[in-house]
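Enquirer: File upload_22.txt follows (compact mmCIF, C-alpha atoms (C1' of nucleotides)):
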# COMPACT_ATOMS: atom_id res chain seq x y z
CA MET A 1 -31.37 26.42 -0.87
CA SER A 2 -33.68 23.51 -0.92
CA ARG A 3 -34.60 23.29 -4.52
CA ALA A 4 -32.86 23.88 -7.78
CA ALA A 5 -33.21 27.48 -8.81
CA THR A 6 -36.40 27.79 -10.79
CA SER A 7 -35.10 26.95 -14.18
CA SER A 8 -37.99 28.40 -16.05
CA ASP A 9 -36.98 27.22 -19.44
CA ALA A 10 -38.67 25.61 -22.41
CA PHE A 11 -38.11 22.12 -21.01
CA ASN A 12 -39.97 22.99 -17.90
CA ALA A 13 -42.75 24.71 -19.76
CA VAL A 14 -43.52 21.79 -22.02
CA ALA A 15 -43.49 19.32 -19.15
CA GLU A 16 -47.11 20.25 -18.50
CA PRO A 17 -49.52 18.37 -20.77
CA HIS A 18 -52.02 21.23 -20.97
CA ARG A 19 -49.27 23.54 -22.08
CA ARG A 20 -48.26 21.17 -24.84
CA ALA A 21 -51.89 21.10 -25.92
CA ILE A 22 -51.94 24.88 -26.00
CA LEU A 23 -48.80 24.96 -28.11
CA ASP A 24 -50.35 22.50 -30.53
CA PHE A 25 -53.51 24.53 -30.71
CA LEU A 26 -51.74 27.81 -31.31
CA ALA A 27 -49.24 26.46 -33.80
CA THR A 28 -51.20 27.07 -36.97
CA GLU A 29 -52.63 30.49 -36.27
CA GLU A 30 -53.01 33.10 -33.62
CA ARG A 31 -56.11 32.90 -31.46
CA PRO A 32 -57.66 34.75 -28.57
CA VAL A 33 -57.58 33.31 -25.06
CA GLY A 34 -61.27 32.56 -25.18
CA GLU A 35 -60.81 30.10 -27.99
CA VAL A 36 -58.14 28.26 -26.11
CA VAL A 37 -60.51 28.06 -23.17
CA LYS A 38 -63.23 26.58 -25.34
CA ALA A 39 -60.97 24.24 -27.26
CA LEU A 40 -59.17 22.79 -24.27
CA ARG A 41 -62.13 23.05 -21.89
CA LEU A 42 -60.05 24.61 -19.17
CA ALA A 43 -60.98 27.44 -16.88
CA GLN A 44 -60.06 30.87 -18.16
CA PRO A 45 -57.66 31.77 -15.32
CA SER A 46 -55.94 28.47 -15.79
CA VAL A 47 -55.37 29.20 -19.45
CA SER A 48 -54.11 32.68 -18.71
CA LYS A 49 -51.64 31.27 -16.24
CA HIS A 50 -50.35 28.67 -18.66
CA LEU A 51 -50.03 31.28 -21.34
CA ARG A 52 -48.00 33.41 -19.00
CA VAL A 53 -45.58 30.59 -18.35
CA LEU A 54 -45.30 29.92 -22.04
CA ARG A 55 -44.80 33.56 -22.80
CA GLU A 56 -42.08 33.93 -20.21
CA VAL A 57 -39.96 31.43 -22.08
CA ASP A 58 -40.99 32.84 -25.45
CA LEU A 59 -42.88 29.72 -26.48
CA VAL A 60 -45.84 31.88 -27.35
CA ARG A 61 -46.12 35.48 -28.36
CA ALA A 62 -49.03 37.79 -27.95
CA ARG A 63 -50.45 40.96 -29.31
CA ARG A 64 -53.47 42.93 -28.35
CA ASP A 65 -56.46 43.11 -30.65
CA GLY A 66 -58.99 45.39 -29.11
CA ARG A 67 -60.19 43.81 -25.94
CA ARG A 68 -58.70 40.49 -26.90
CA MET A 69 -55.19 39.15 -26.75
CA LEU A 70 -54.10 37.06 -29.67
CA TYR A 71 -51.58 34.35 -28.94
CA ARG A 72 -49.59 32.18 -31.23
CA THR A 73 -46.93 29.57 -30.80
CA ASN A 74 -43.40 30.70 -31.43
CA ALA A 75 -42.14 27.46 -32.89
CA GLY A 76 -38.55 28.62 -32.91
CA ALA A 77 -38.43 28.34 -29.15
CA ILE A 78 -39.09 24.62 -29.45
CA LYS A 79 -36.03 24.10 -31.57
CA PRO A 80 -33.52 23.80 -28.70
CA LEU A 81 -35.62 21.01 -27.31
CA TYR A 82 -35.67 19.33 -30.68
CA GLU A 83 -31.97 19.68 -30.99
CA TRP A 84 -31.22 18.33 -27.53
CA ALA A 85 -33.38 15.29 -28.19
CA GLY A 86 -31.74 14.96 -31.58
CA THR A 87 -28.33 14.46 -30.06
CA PHE A 88 -29.56 11.03 -29.01
CA GLU A 89 -30.67 10.06 -32.45
CA ARG A 90 -27.53 8.14 -33.27
CA PHE A 91 -27.94 6.16 -30.08
CA TRP A 92 -31.41 5.00 -30.76
CA ALA A 93 -30.36 4.23 -34.29
CA HIS A 94 -27.54 2.09 -32.91
CA GLN A 95 -29.93 0.36 -30.63
CA LEU A 96 -32.15 -0.55 -33.53
CA ARG A 97 -29.16 -1.84 -35.44
CA ARG A 98 -28.04 -3.88 -32.47
CA ILE A 99 -31.47 -5.36 -32.07
CA LYS A 100 -31.60 -6.21 -35.72
CA GLU A 101 -28.17 -7.79 -35.58
CA ARG A 102 -29.16 -9.84 -32.60
CA ALA A 103 -32.17 -11.07 -34.47
CA GLU A 104 -29.99 -12.03 -37.39
CA THR A 105 -27.61 -13.90 -35.16
CA LYS A 106 -30.38 -15.87 -33.59
CA ARG A 107 -31.83 -16.79 -36.91
CA THR A 108 -28.44 -17.89 -38.24
CA MET B 1 -58.02 17.38 -7.18
CA SER B 2 -55.72 20.31 -6.86
CA ARG B 3 -52.92 19.36 -9.12
CA ALA B 4 -52.65 17.54 -12.38
CA ALA B 5 -52.22 13.86 -11.72
CA THR B 6 -48.53 13.19 -11.52
CA SER B 7 -47.84 12.77 -15.16
CA SER B 8 -44.59 10.98 -14.68
CA ASP B 9 -43.61 10.86 -18.27
CA ALA B 10 -40.48 11.53 -20.28
CA PHE B 11 -41.33 15.22 -20.66
CA ASN B 12 -41.46 15.63 -16.95
CA ALA B 13 -38.32 13.65 -16.37
CA VAL B 14 -36.19 15.73 -18.72
CA ALA B 15 -37.48 18.99 -17.33
CA GLU B 16 -34.87 18.69 -14.61
CA PRO B 17 -31.44 19.94 -15.74
CA HIS B 18 -29.52 17.43 -13.63
CA ARG B 19 -31.47 14.62 -15.17
CA ARG B 20 -30.64 15.83 -18.65
CA ALA B 21 -27.01 15.91 -17.63
CA ILE B 22 -27.29 12.35 -16.40
CA LEU B 23 -28.84 11.26 -19.67
CA ASP B 24 -26.03 12.93 -21.59
CA PHE B 25 -23.45 11.28 -19.39
CA LEU B 26 -24.95 7.82 -19.70
CA ALA B 27 -25.63 8.03 -23.40
CA THR B 28 -22.35 6.61 -24.67
CA GLU B 29 -21.83 3.77 -22.24
CA GLU B 30 -23.14 2.24 -19.09
CA ARG B 31 -21.64 3.45 -15.84
CA PRO B 32 -22.03 2.84 -12.15
CA VAL B 33 -23.79 5.33 -9.90
CA GLY B 34 -20.53 6.36 -8.30
CA GLU B 35 -19.23 7.69 -11.57
CA VAL B 36 -22.30 9.77 -12.11
CA VAL B 37 -21.81 11.17 -8.63
CA LYS B 38 -18.24 12.12 -9.43
CA ALA B 39 -18.93 13.43 -12.89
CA LEU B 40 -21.87 15.62 -11.96
CA ARG B 41 -20.63 16.45 -8.46
CA LEU B 42 -23.97 15.66 -6.89
CA ALA B 43 -24.66 13.87 -3.67
CA GLN B 44 -25.10 10.14 -4.02
CA PRO B 45 -28.68 10.00 -2.73
CA SER B 46 -29.59 12.75 -5.12
CA VAL B 47 -28.22 10.81 -8.03
CA SER B 48 -30.00 7.65 -6.95
CA LYS B 49 -33.25 9.54 -6.78
CA HIS B 50 -32.84 11.06 -10.20
CA LEU B 51 -31.94 7.68 -11.62
CA ARG B 52 -35.08 6.26 -10.13
CA VAL B 53 -37.22 8.87 -11.82
CA LEU B 54 -35.46 8.27 -15.09
CA ARG B 55 -35.82 4.56 -14.75
CA GLU B 56 -39.52 4.78 -14.02
CA VAL B 57 -40.09 6.31 -17.42
CA ASP B 58 -37.59 3.98 -19.05
CA LEU B 59 -35.16 6.75 -19.92
CA VAL B 60 -32.40 4.73 -18.33
CA ARG B 61 -31.96 1.04 -17.79
CA ALA B 62 -29.93 -0.68 -15.14
CA ARG B 63 -28.31 -3.96 -14.43
CA ARG B 64 -26.43 -5.18 -11.44
CA ASP B 65 -22.72 -5.81 -11.62
CA GLY B 66 -21.57 -7.18 -8.33
CA ARG B 67 -22.08 -4.51 -5.75
CA ARG B 68 -22.52 -1.89 -8.39
CA MET B 69 -25.46 -0.96 -10.54
CA LEU B 70 -24.67 -0.06 -14.11
CA TYR B 71 -26.94 2.45 -15.75
CA ARG B 72 -27.22 3.54 -19.31
CA THR B 73 -29.45 5.86 -21.24
CA ASN B 74 -32.22 4.24 -23.20
CA ALA B 75 -32.21 6.66 -26.09
CA GLY B 76 -35.34 5.20 -27.60
CA ALA B 77 -37.39 6.70 -24.80
CA ILE B 78 -36.31 10.16 -25.94
CA LYS B 79 -37.73 9.62 -29.38
CA PRO B 80 -41.33 10.61 -28.56
CA LEU B 81 -40.03 13.90 -27.28
CA TYR B 82 -38.04 14.39 -30.46
CA GLU B 83 -41.05 13.58 -32.54
CA TRP B 84 -43.37 15.90 -30.67
CA ALA B 85 -40.91 18.76 -31.06
CA GLY B 86 -40.46 17.81 -34.68
CA THR B 87 -44.11 18.44 -35.45
CA PHE B 88 -43.28 22.13 -35.12
CA GLU B 89 -40.43 22.00 -37.54
CA ARG B 90 -42.45 23.23 -40.48
CA PHE B 91 -43.59 26.20 -38.42
CA TRP B 92 -40.17 27.39 -37.50
CA ALA B 93 -39.12 26.83 -41.09
CA HIS B 94 -42.01 29.03 -42.23
CA GLN B 95 -41.03 31.65 -39.73
CA LEU B 96 -37.55 31.74 -41.13
CA ARG B 97 -38.90 32.03 -44.64
CA ARG B 98 -41.20 34.82 -43.58
CA ILE B 99 -38.37 36.68 -41.94
CA LYS B 100 -36.24 36.29 -45.00
CA GLU B 101 -39.03 37.49 -47.26
CA ARG B 102 -39.58 40.50 -45.11
CA ALA B 103 -35.91 41.32 -45.37
CA GLU B 104 -36.08 41.00 -49.13
CA THR B 105 -39.06 43.30 -49.30
CA LYS B 106 -37.34 45.94 -47.25
CA ARG B 107 -34.26 45.80 -49.38
CA THR B 108 -36.27 46.13 -52.57
C1' DT C 1 -20.43 -14.01 10.34
C1' DT C 2 -18.19 -9.57 10.15
C1' DG C 3 -16.65 -5.65 7.83
C1' DA C 4 -16.38 -2.79 3.93
C1' DC C 5 -18.19 -0.94 -0.16
C1' DA C 6 -22.02 0.59 -3.39
C1' DT C 7 -26.48 2.02 -3.86
C1' DA C 8 -31.31 2.85 -2.38
C1' DT C 9 -34.70 4.62 0.70
C1' DT C 10 -36.69 7.47 4.28
C1' DC C 11 -37.50 11.61 6.77
C1' DC C 12 -37.60 16.45 6.96
C1' DC C 13 -37.63 21.05 5.18
C1' DA C 14 -38.27 24.71 1.92
C1' DT C 15 -40.10 25.85 -2.19
C1' DA C 16 -42.72 25.26 -6.45
C1' DT C 17 -46.86 24.19 -8.88
C1' DT C 18 -51.72 23.68 -10.27
C1' DG C 19 -56.51 24.44 -9.99
C1' DG C 20 -60.49 27.10 -8.26
C1' DA C 21 -62.77 31.18 -6.71
C1' DA C 22 -62.80 35.89 -6.37
C1' DT C 23 -61.25 40.04 -7.95
C1' DA C 24 -58.60 43.39 -10.67
C1' DT C 25 -57.23 45.50 -15.03
C1' DG C 26 -57.92 46.95 -19.91
C1' DA C 27 -60.54 48.16 -23.75
C1' DT C 28 -64.91 49.15 -26.06
C1' DT C 29 -69.47 51.02 -26.49
C1' DC C 30 -73.15 53.79 -25.07
C1' DG D 1 -68.49 58.08 -16.79
C1' DA D 2 -71.16 53.40 -16.59
C1' DA D 3 -71.86 48.94 -18.24
C1' DT D 4 -69.79 45.17 -20.52
C1' DC D 5 -66.66 42.02 -22.51
C1' DA D 6 -61.97 39.78 -22.45
C1' DT D 7 -58.12 38.70 -19.98
C1' DA D 8 -54.90 38.85 -16.02
C1' DT D 9 -53.78 38.54 -11.23
C1' DT D 10 -54.25 37.26 -6.47
C1' DC D 11 -55.28 34.29 -2.73
C1' DC D 12 -55.92 29.76 -1.07
C1' DA D 13 -55.54 24.72 -0.53
C1' DA D 14 -53.48 20.42 -1.86
C1' DT D 15 -49.78 18.27 -3.60
C1' DA D 16 -45.26 17.58 -5.82
C1' DT D 17 -40.35 18.20 -5.85
C1' DG D 18 -35.33 18.43 -4.76
C1' DG D 19 -31.67 18.58 -1.49
C1' DG D 20 -29.41 17.01 2.84
C1' DA D 21 -28.77 13.88 6.55
C1' DA D 22 -29.39 9.56 8.39
C1' DT D 23 -30.25 4.97 7.68
C1' DA D 24 -31.38 0.68 5.25
C1' DT D 25 -30.36 -2.84 1.80
C1' DG D 26 -27.50 -5.65 -1.01
C1' DT D 27 -23.13 -7.73 -2.37
C1' DC D 28 -18.56 -9.19 -1.88
C1' DA D 29 -14.30 -10.55 0.80
C1' DA D 30 -11.96 -12.35 4.57
Could you take the file, read its structure, and then write that structure out as structure tokens?
Expert:
Amino acid sequence: MSRAATSSDAFNAVAEPHRRAILDFLATEERPVGEVVKALRLAQPSVSKHLRVLREVDLVRARRDGRRMLYRTNAGAIKPLYEWAGTFERFWAHQLRRIKERAETKRT
Amino acid sequence: MSRAATSSDAFNAVAEPHRRAILDFLATEERPVGEVVKALRLAQPSVSKHLRVLREVDLVRARRDGRRMLYRTNAGAIKPLYEWAGTFERFWAHQLRRIKERAETKRT
DNA sequence: TTGACATATTCCCATATTGGAATATGATTC
DNA sequence: GAATCATATTCCAATATGGGAATATGTCAA
């Protein structure tokens, strides 16, 4: 084994800037692939591939609509990420406090 | 150009599970590399490499203490991630509401 | 200075990843 | 069924990544 087992999880999926853009774009309403292509100015296969990655970790969901596929962001799948990051909130709050205190001390 | 320019940002850095573990471990207090090695049971060079990546995006900070280097998580650098994820909060809230409403409807 | 300890870097390998081009699949309409 | 539209998949090339082993660098102690 030469690399960590492909942890295809939400963290991995959102590491790619284009994929974050896609999630943003599909957050408000479902849209066909073609619109993502136009909006993000990416090649169609590229978009399909990103959507596949996102779908595999349930960050987007899809349904067929005639010849089109409608995708939308499944915001719930972003929550774990939000929660992980949130566990650090108290630390950055402390940091701010410390900085403030240091400023006070200097001024005094 | 065959790959997206190495977007070495916080999103990328935290995509790696070991690096998230390191951030968790270094969140409460600064510690030398050796302790990270022991705690996470990784090889020392591996840890040094991960720390380098984390340091390059300011997710950890380091200072020398004699022969040791003391690292600690810079929680503030996680904030952008938290905020990006947070922009989806209202969507997952809506989803929950929708699900609840659907349940109500069925029951009625 | 030498030796020991702590950490960082380099080299190599295997695998993963992204984009582009070409092609395949699915669904609709005629 | 044939043509067409929309999307997905495959193949390829270039590059990135992580682990392991070996080695380099930096710091302290004697």
Enquirer: Residues of chain D were defined as contacting chain A if any atom lay at most 8 Å from it, counting all atoms listed in the file; please report them as a PyMOL selection string.
Expert: chain D and resi 5-8+17-19
Enquirer: Figure out the distance between atom CA of B:Pro80 and atom CA of A:Ala62, please, to one decimal in Å.
Expert: 28.3 Å
Enquirer: As a list of chain:residue names, please: the residues near B:His18 (cut-off 8 Å, all atoms listed in the file, same-chain neighbours under 3 positions excluded).
Expert: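 Listed by chain and then number, they are B:Ala21, B:Ile22, B:His50.
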Enquirer: Using all atoms listed in the file, find the residues of chain A whose closest atom to chain B is at most 12 Å away, then write them as a ChimeraX atom specification.
Expert: /A:3-21,23-29,46,59,72-96
Enquirer: Give me, please, the distance in Å between atom C1' of C:DT25 and atom C1' of D:DT9, quoted to one decimal.
Expert: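 These atoms are spaced 8.6 Å apart.
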Enquirer: From the options A:Glu35, A:Ile99, A:Tyr71, A:Ala43, which residue's atoms come nearest to chain C, counting all atoms listed in the file?
Expert: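 Once distances to chain C are computed over all atoms listed in the file, the minimum belongs to A:Ala43.
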